[in-house]
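S.K.: If you scroll down you'll find the structure; I have some questions about it.
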Amino acid sequence: TDKIFLGAYGSGSLIDKISRFNRELYEDPLTGARNRRYFEEQLKSLDKMGAIAMIDVDNFKTVNDTYGHQFGDRVLKHFAERLQESVRGEDVVARVGGDEFLLCMECPVDPRPLIDRIHRSLEGDFEGFPLSVSMGVAIAGSDVRDYDELFRRADVALYHKKRGGRSGYVFYSDLDE
């Protein structure tokens with residue numbers, strides 16, 4: 001006799017399972033932001049990329065050492081929420097490791113005013129801990145549109161900022177590398 005499949009019992013549909021799989025694959029479990037894998041697999045091929053900003057919470061090691069890792073996790077969650085709220089809907093935010101975040105945005109115009117606004121919105125206070133942020137920014141142009149090179153340039157700019165004093169931002173194009 002032929003058997004007919006009438007369905008299955010279980011928790012969630014196939015669409016729910018695929019959605020959950022994609023979240024687990026491309027989402028940072030602590031902050032809910034995208035993860036580095038998302039950037040590397042999904043954004044490398046985009047030709048609309050205008051700028052990449054590497055963003056780092058200054059003195060984050062002090063948070064964990066002084067207040068503990070649970071407090072540090074709360075700082076990161078708070079920071080990720082503030083960052084996501086400060087960018088435009090089409091911009092993409094990812095946590096790429098520890099206290100480092102990456103912002104990818106389209107920039108048909110000079111991104112400096114946008115970067116300045118984002119930076120100011122991220123600094124402040126969280127439960128008595130002063131939040132200070134350093135950023136390195138690389139802008140795509142005729143000389144570079146490649147994700148890997150933009151990432152490298154943003155990283156160079158970030159560490160230049162951190163060596164020269166924290167709390168602020170530096171554009172790679174302003175450096176004498």
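Each chain in the structure tokens gets a letter, A, B, ..., in the order shown, and its residues are numbered from 1; ligands are numbered from 1 in order too.
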Determine which residues of chain A receive a DSSP assignment of alpha helix (DSSP H), computed from the backbone, and state them as a VMD selection string.
M.R.: chain A and resid 14 to 26 36 to 38 60 to 67 69 to 86 112 to 122 147 to 163
S.K.: Which residues are near Thr31 (chain A)? Cut-off 8 Å, only C-alpha atoms, ignore same chain within fewer than 6 positions. Put them as a list in words.
M.R.: Leu76, Lys77, Ala80, Glu81 and Arg95 of chain A
S.K.: If we count only C-alpha atoms, what is near region 49-57 of chain A at a cut-off of 7 Å, once residues fewer than 2 positions away on the same chain are taken out, given as a tab-separated table (two decimals) with N, CA, C and O atoms, in the first residue's frame?
M.R.:
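The result, stored in part.tsv:
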```tsv
chain	number	residue	atom	x	y	z
A	46	LEU	N	29.59	43.56	-2.35
A	46	LEU	CA	28.81	44.75	-2.63
A	46	LEU	C	29.65	45.83	-3.28
A	46	LEU	O	30.77	46.09	-2.86
A	47	ASP	N	29.11	46.44	-4.31
A	47	ASP	CA	29.85	47.54	-4.93
A	47	ASP	C	29.31	48.90	-4.49
A	47	ASP	O	29.77	49.92	-4.93
A	59	ASN	N	39.34	51.45	26.61
A	59	ASN	CA	39.62	50.92	27.94
A	59	ASN	C	38.64	49.83	28.38
A	59	ASN	O	38.33	49.71	29.56
A	60	PHE	N	38.19	49.03	27.44
A	60	PHE	CA	37.20	48.00	27.78
A	60	PHE	C	37.78	46.95	28.72
A	60	PHE	O	37.06	46.41	29.56
A	99	ASP	N	35.50	43.98	21.92
A	99	ASP	CA	34.81	45.25	21.99
A	99	ASP	C	34.93	46.02	20.68
A	99	ASP	O	34.75	47.23	20.64
A	100	GLU	N	35.21	45.33	19.59
A	100	GLU	CA	35.34	45.97	18.29
A	100	GLU	C	34.10	45.73	17.43
A	100	GLU	O	33.61	44.61	17.32
A	101	PHE	N	33.65	46.83	16.85
A	101	PHE	CA	32.48	46.80	15.98
A	101	PHE	C	32.88	47.38	14.63
A	101	PHE	O	33.83	48.16	14.52
A	102	LEU	N	32.13	47.00	13.62
A	102	LEU	CA	32.37	47.45	12.27
A	102	LEU	C	31.08	48.04	11.73
A	102	LEU	O	30.00	47.48	11.94
A	103	LEU	N	31.20	49.16	11.07
A	103	LEU	CA	30.05	49.83	10.46
A	103	LEU	C	30.33	49.95	8.98
A	103	LEU	O	31.39	50.44	8.58
A	104	CYS	N	29.40	49.51	8.18
A	104	CYS	CA	29.52	49.62	6.73
A	104	CYS	C	28.36	50.48	6.25
A	104	CYS	O	27.21	50.25	6.63
A	105	MET	N	28.70	51.51	5.45
A	105	MET	CA	27.64	52.40	4.99
A	105	MET	C	27.88	52.88	3.57
A	105	MET	O	29.01	52.94	3.11
A	106	GLU	N	26.78	53.19	2.92
A	106	GLU	CA	26.85	53.85	1.63
A	106	GLU	C	27.04	55.33	1.90
A	106	GLU	O	26.46	55.87	2.84
A	107	CYS	N	27.85	55.96	1.09
A	107	CYS	CA	28.14	57.39	1.31
A	107	CYS	C	28.19	58.13	-0.01
A	107	CYS	O	29.26	58.31	-0.58
A	132	SER	N	33.86	55.82	26.31
A	132	SER	CA	34.70	56.57	25.39
A	132	SER	C	34.92	55.67	24.17
A	132	SER	O	35.09	54.45	24.32
A	133	VAL	N	34.91	56.26	22.99
A	133	VAL	CA	34.94	55.47	21.77
A	133	VAL	C	35.98	56.01	20.80
A	133	VAL	O	36.10	57.22	20.61
A	134	SER	N	36.74	55.09	20.19
A	134	SER	CA	37.68	55.43	19.13
A	134	SER	C	37.19	54.81	17.83
A	134	SER	O	36.66	53.70	17.83
A	135	MET	N	37.37	55.56	16.75
A	135	MET	CA	36.92	55.09	15.44
A	135	MET	C	37.99	55.34	14.39
A	135	MET	O	38.67	56.36	14.41
A	136	GLY	N	38.11	54.39	13.47
A	136	GLY	CA	38.95	54.54	12.28
A	136	GLY	C	38.07	54.36	11.07
A	136	GLY	O	37.28	53.42	11.00
A	137	VAL	N	38.16	55.27	10.12
A	137	VAL	CA	37.24	55.26	8.98
A	137	VAL	C	38.02	55.24	7.67
A	137	VAL	O	38.97	55.99	7.49
A	138	ALA	N	37.56	54.38	6.76
A	138	ALA	CA	38.12	54.32	5.41
A	138	ALA	C	36.98	54.55	4.42
A	138	ALA	O	35.92	53.94	4.54
A	139	ILE	N	37.21	55.43	3.47
A	139	ILE	CA	36.20	55.78	2.48
A	139	ILE	C	36.58	55.16	1.15
A	139	ILE	O	37.73	55.30	0.70
A	140	ALA	N	35.62	54.50	0.51
A	140	ALA	CA	35.86	53.94	-0.81
A	140	ALA	C	36.02	55.09	-1.80
A	140	ALA	O	35.41	56.15	-1.65
A	150	LEU	N	39.56	48.18	2.33
A	150	LEU	CA	38.86	49.16	3.17
A	150	LEU	C	38.93	48.76	4.65
A	150	LEU	O	39.15	49.60	5.52
A	151	PHE	N	38.76	47.48	4.91
A	151	PHE	CA	38.85	46.97	6.28
A	151	PHE	C	40.24	47.25	6.85
A	151	PHE	O	40.38	47.74	7.96
A	154	ALA	N	40.63	51.00	7.56
A	154	ALA	CA	39.87	51.41	8.75
A	154	ALA	C	40.58	50.95	10.01
A	154	ALA	O	40.65	51.68	11.01
A	155	ASP	N	41.15	49.75	9.97
A	155	ASP	CA	41.88	49.20	11.12
A	155	ASP	C	43.14	50.02	11.40
A	155	ASP	O	43.44	50.34	12.56
A	158	LEU	N	42.05	53.26	12.98
A	158	LEU	CA	41.63	53.05	14.37
A	158	LEU	C	42.84	52.99	15.30
A	158	LEU	O	42.88	53.67	16.33
```
S.K.: Could you pull out the residues in region 92-172 of chain A that DSSP calls strand (DSSP E or B) from the backbone, as JSON, numbers by chain?
M.R.: {"A": [92, 93, 94, 95, 96, 97, 100, 101, 102, 103, 104, 105, 124, 125, 126, 129, 130, 131, 133, 134, 135, 136, 137, 138, 139, 141, 144, 168, 169, 170, 171]}
S.K.: Got time to write the residues from that selection, N, CA, C and O atoms, as a tab-separated table (two decimals), in the first residue's frame?
M.R.:
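out.tsv, written as the output of this step:
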```tsv
chain	number	residue	atom	x	y	z
A	92	VAL	N	25.01	48.86	8.04
A	92	VAL	CA	25.13	47.56	8.68
A	92	VAL	C	26.16	47.63	9.79
A	92	VAL	O	27.27	48.11	9.59
A	93	VAL	N	25.78	47.14	10.97
A	93	VAL	CA	26.64	47.11	12.15
A	93	VAL	C	26.96	45.66	12.48
A	93	VAL	O	26.08	44.80	12.46
A	94	ALA	N	28.22	45.39	12.80
A	94	ALA	CA	28.61	44.04	13.21
A	94	ALA	C	29.60	44.14	14.36
A	94	ALA	O	30.38	45.07	14.46
A	95	ARG	N	29.51	43.15	15.23
A	95	ARG	CA	30.54	42.98	16.27
A	95	ARG	C	31.55	42.00	15.68
A	95	ARG	O	31.21	40.86	15.37
A	96	VAL	N	32.78	42.45	15.55
A	96	VAL	CA	33.79	41.62	14.89
A	96	VAL	C	34.76	40.98	15.86
A	96	VAL	O	35.62	40.22	15.46
A	97	GLY	N	34.60	41.27	17.15
A	97	GLY	CA	35.44	40.64	18.15
A	97	GLY	C	35.54	41.49	19.39
A	97	GLY	O	35.61	42.72	19.30
A	100	GLU	N	35.21	45.33	19.59
A	100	GLU	CA	35.34	45.97	18.29
A	100	GLU	C	34.10	45.73	17.43
A	100	GLU	O	33.61	44.61	17.32
A	101	PHE	N	33.65	46.83	16.85
A	101	PHE	CA	32.48	46.80	15.98
A	101	PHE	C	32.88	47.38	14.63
A	101	PHE	O	33.83	48.16	14.52
A	102	LEU	N	32.13	47.00	13.62
A	102	LEU	CA	32.37	47.45	12.27
A	102	LEU	C	31.08	48.04	11.73
A	102	LEU	O	30.00	47.48	11.94
A	103	LEU	N	31.20	49.16	11.07
A	103	LEU	CA	30.05	49.83	10.46
A	103	LEU	C	30.33	49.95	8.98
A	103	LEU	O	31.39	50.44	8.58
A	104	CYS	N	29.40	49.51	8.18
A	104	CYS	CA	29.52	49.62	6.73
A	104	CYS	C	28.36	50.48	6.25
A	104	CYS	O	27.21	50.25	6.63
A	105	MET	N	28.70	51.51	5.45
A	105	MET	CA	27.64	52.40	4.99
A	105	MET	C	27.88	52.88	3.57
A	105	MET	O	29.01	52.94	3.11
A	124	GLY	N	29.43	58.78	26.40
A	124	GLY	CA	28.54	59.11	27.51
A	124	GLY	C	28.86	58.28	28.73
A	124	GLY	O	30.01	58.08	29.08
A	125	ASP	N	27.81	57.76	29.33
A	125	ASP	CA	27.94	57.05	30.59
A	125	ASP	C	27.02	55.84	30.56
A	125	ASP	O	25.92	55.90	30.02
A	126	PHE	N	27.48	54.74	31.14
A	126	PHE	CA	26.63	53.56	31.32
A	126	PHE	C	26.79	53.08	32.75
A	126	PHE	O	27.86	52.63	33.14
A	129	PHE	N	29.87	54.03	34.45
A	129	PHE	CA	31.11	53.83	33.71
A	129	PHE	C	31.14	54.78	32.52
A	129	PHE	O	30.22	54.77	31.69
A	130	PRO	N	32.17	55.61	32.40
A	130	PRO	CA	32.25	56.54	31.26
A	130	PRO	C	32.59	55.79	29.97
A	130	PRO	O	33.58	55.07	29.91
A	131	LEU	N	31.73	55.95	28.96
A	131	LEU	CA	31.97	55.32	27.67
A	131	LEU	C	32.73	56.28	26.77
A	131	LEU	O	32.28	57.39	26.52
A	133	VAL	N	34.91	56.26	22.99
A	133	VAL	CA	34.94	55.47	21.77
A	133	VAL	C	35.98	56.01	20.80
A	133	VAL	O	36.10	57.22	20.61
A	134	SER	N	36.74	55.09	20.19
A	134	SER	CA	37.68	55.43	19.13
A	134	SER	C	37.19	54.81	17.83
A	134	SER	O	36.66	53.70	17.83
A	135	MET	N	37.37	55.56	16.75
A	135	MET	CA	36.92	55.09	15.44
A	135	MET	C	37.99	55.34	14.39
A	135	MET	O	38.67	56.36	14.41
A	136	GLY	N	38.11	54.39	13.47
A	136	GLY	CA	38.95	54.54	12.28
A	136	GLY	C	38.07	54.36	11.07
A	136	GLY	O	37.28	53.42	11.00
A	137	VAL	N	38.16	55.27	10.12
A	137	VAL	CA	37.24	55.26	8.98
A	137	VAL	C	38.02	55.24	7.67
A	137	VAL	O	38.97	55.99	7.49
A	138	ALA	N	37.56	54.38	6.76
A	138	ALA	CA	38.12	54.32	5.41
A	138	ALA	C	36.98	54.55	4.42
A	138	ALA	O	35.92	53.94	4.54
A	139	ILE	N	37.21	55.43	3.47
A	139	ILE	CA	36.20	55.78	2.48
A	139	ILE	C	36.58	55.16	1.15
A	139	ILE	O	37.73	55.30	0.70
A	141	GLY	N	36.84	54.87	-2.79
A	141	GLY	CA	37.06	55.88	-3.81
A	141	GLY	C	37.60	55.25	-5.07
A	141	GLY	O	37.60	54.03	-5.21
A	144	VAL	N	40.28	52.64	-4.27
A	144	VAL	CA	39.94	51.40	-3.57
A	144	VAL	C	38.44	51.26	-3.39
A	144	VAL	O	37.75	52.20	-3.01
A	168	GLY	N	37.73	59.60	19.91
A	168	GLY	CA	37.66	60.40	18.70
A	168	GLY	C	37.66	59.51	17.48
A	168	GLY	O	37.49	58.30	17.59
A	169	TYR	N	37.86	60.10	16.34
A	169	TYR	CA	37.89	59.33	15.10
A	169	TYR	C	38.94	59.90	14.17
A	169	TYR	O	39.31	61.07	14.25
A	170	VAL	N	39.46	59.01	13.32
A	170	VAL	CA	40.46	59.38	12.33
A	170	VAL	C	40.05	58.76	11.00
A	170	VAL	O	39.66	57.58	10.95
A	171	PHE	N	40.17	59.54	9.94
A	171	PHE	CA	39.94	59.03	8.60
A	171	PHE	C	41.29	58.60	8.01
A	171	PHE	O	42.28	59.32	8.14
```
S.K.: Would you please work out which residue, of A:Arg74, A:Leu25, A:Ser121, A:Asp58, is nearest to Arg166 (chain A) when using only C-alpha atoms?
M.R.: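 Smallest separation from Arg166 (chain A) among the options: A:Asp58.
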